[in-house]
Amino acid sequence: MTHTITLTVNEQKYIREVEPRLLLSDFLRHELGLTGTHVGCEHGVCGACTIMLDGESARSCLMFAVQADEHSLTTVEGLAPDKDNLHPLQQSFWEAHGLQCGYCTPGILMSMIPFLKQNPNPTEDEIRHALSGNLCRCTGYQHIVDAVKLASEKMRELEK
């Protein structure tokens, strides 16, 4: 048995037939080819699968694709129009060396964008608290914190 779902992903509308048990992370990766959404723990703990669902961070490994029916999603692929025009957060990660292997980076980006919208001038402690749902095994988080802080400055400048 399958269900028809209609959803918007990165501003593109999709209509697909899916099995009820298909995870949203698997739908994004295997059905739509959006492999920037990574699957780490498959229990919602590591944050690697984080996307934005209607503008809010959500763990795609904890949702079924059918639950995204009639919703709008953004994956890391939807943040920038091309490699020469990065989102300020992506640019800040590059400038502040906020990534190493990059596996956790898409999930962190997708967690920090709503955070920065809600808190445009965060303290280091607030950033660290916001990052607590995203695990990174390569860094000590300091460069990630620096990148988020830099992004908050860039984003505030764009708002002026």
# chains A, B, ... in the order shown; residues from 1 in each chain; ligands from 1

$ residues_around --residues "range 89-103 of chain A" --least-positions-apart "4" --cutoff "12 Å" --atoms "only C-alpha atoms" --output "ChimeraX atom specification"
/A:35-40,46-50,76-85,107-117,134-156

$ select_by_dssp --residues "range 58-136 of chain A" --states "strand (DSSP E or B)" --output "ChimeraX atom specification"
/A:58-59,64,72-74

$ select_by_dssp --residues "range 13-79 of chain A" --states "helix (DSSP H, G or I)" --output "mmCIF file with N, CA and C atoms, in the first residue's frame"
data_model
loop_
_atom_site.group_PDB
_atom_site.id
_atom_site.type_symbol
_atom_site.label_atom_id
_atom_site.label_comp_id
_atom_site.auth_asym_id
_atom_site.auth_seq_id
_atom_site.Cartn_x
_atom_site.Cartn_y
_atom_site.Cartn_z
ATOM 1 N N LEU A 24 11.476 10.069 6.286
ATOM 2 C CA LEU A 24 11.670 11.299 5.526
ATOM 3 C C LEU A 24 13.130 11.440 5.090
ATOM 4 N N SER A 25 14.075 11.067 5.932
ATOM 5 C CA SER A 25 15.497 11.139 5.560
ATOM 6 C C SER A 25 15.776 10.253 4.348
ATOM 7 N N ASP A 26 15.211 9.068 4.319
ATOM 8 C CA ASP A 26 15.408 8.171 3.179
ATOM 9 C C ASP A 26 14.702 8.695 1.932
ATOM 10 N N PHE A 27 13.529 9.277 2.105
ATOM 11 C CA PHE A 27 12.819 9.883 0.979
ATOM 12 C C PHE A 27 13.669 10.978 0.346
ATOM 13 N N LEU A 28 14.201 11.868 1.176
ATOM 14 C CA LEU A 28 15.024 12.974 0.656
ATOM 15 C C LEU A 28 16.259 12.458 -0.067
ATOM 16 N N ARG A 29 16.920 11.500 0.525
ATOM 17 C CA ARG A 29 18.174 10.990 -0.041
ATOM 18 C C ARG A 29 17.946 10.112 -1.263
ATOM 19 N N HIS A 30 17.031 9.156 -1.153
ATOM 20 C CA HIS A 30 16.893 8.132 -2.193
ATOM 21 C C HIS A 30 15.844 8.460 -3.260
ATOM 22 N N GLU A 31 14.796 9.133 -2.879
ATOM 23 C CA GLU A 31 13.748 9.467 -3.849
ATOM 24 C C GLU A 31 14.028 10.787 -4.571
ATOM 25 N N SER A 60 14.819 14.547 10.388
ATOM 26 C CA SER A 60 14.141 13.809 9.319
ATOM 27 C C SER A 60 14.187 12.300 9.521
ATOM 28 N N CYS A 61 15.070 11.804 10.392
ATOM 29 C CA CYS A 61 15.108 10.359 10.654
ATOM 30 C C CYS A 61 14.018 9.934 11.631
ATOM 31 N N LEU A 62 13.349 10.910 12.248
ATOM 32 C CA LEU A 62 12.274 10.601 13.201
ATOM 33 C C LEU A 62 10.894 10.809 12.598
ATOM 34 N N ALA A 65 7.899 10.054 5.666
ATOM 35 C CA ALA A 65 7.661 10.950 4.530
ATOM 36 C C ALA A 65 6.198 11.373 4.471
ATOM 37 N N VAL A 66 5.279 10.478 4.804
ATOM 38 C CA VAL A 66 3.857 10.823 4.759
ATOM 39 C C VAL A 66 3.507 11.950 5.731
ATOM 40 N N GLN A 67 4.295 12.119 6.786
ATOM 41 C CA GLN A 67 4.050 13.200 7.734
ATOM 42 C C GLN A 67 4.424 14.563 7.155
ATOM 43 N N ALA A 68 5.216 14.582 6.099
ATOM 44 C CA ALA A 68 5.614 15.832 5.456
ATOM 45 C C ALA A 68 4.628 16.262 4.383
ATOM 46 N N VAL A 76 19.861 21.323 3.155
ATOM 47 C CA VAL A 76 21.082 22.111 2.984
ATOM 48 C C VAL A 76 21.280 22.522 1.527
ATOM 49 N N GLU A 77 20.810 21.716 0.604
ATOM 50 C CA GLU A 77 20.924 22.050 -0.816
ATOM 51 C C GLU A 77 20.134 23.308 -1.181
ATOM 52 N N GLY A 78 19.154 23.656 -0.365
ATOM 53 C CA GLY A 78 18.311 24.811 -0.644
ATOM 54 C C GLY A 78 18.793 26.111 -0.024
#

$ residues_around --residues "range 16-18 of chain A" --least-positions-apart "2" --cutoff "7 Å" --atoms "only C-alpha atoms" --output "JSON, numbers by chain"
{"A": [2, 3, 4, 5, 6, 14, 20, 22]}

$ atom_distance --atom1 "CA of Glu42 in chain A" --atom2 "CA of Lys13 in chain A"
26.2 Å

$ closest_residue --among "A:Thr74, A:Gln118, A:Ser132, A:Thr123" --to "Glu11 in chain A" --atoms "only C-alpha atoms"
A:Thr74

$ atom_distance --atom1 "CA of Lys160 in chain A" --atom2 "CA of Ile51 in chain A"
27.5 Å
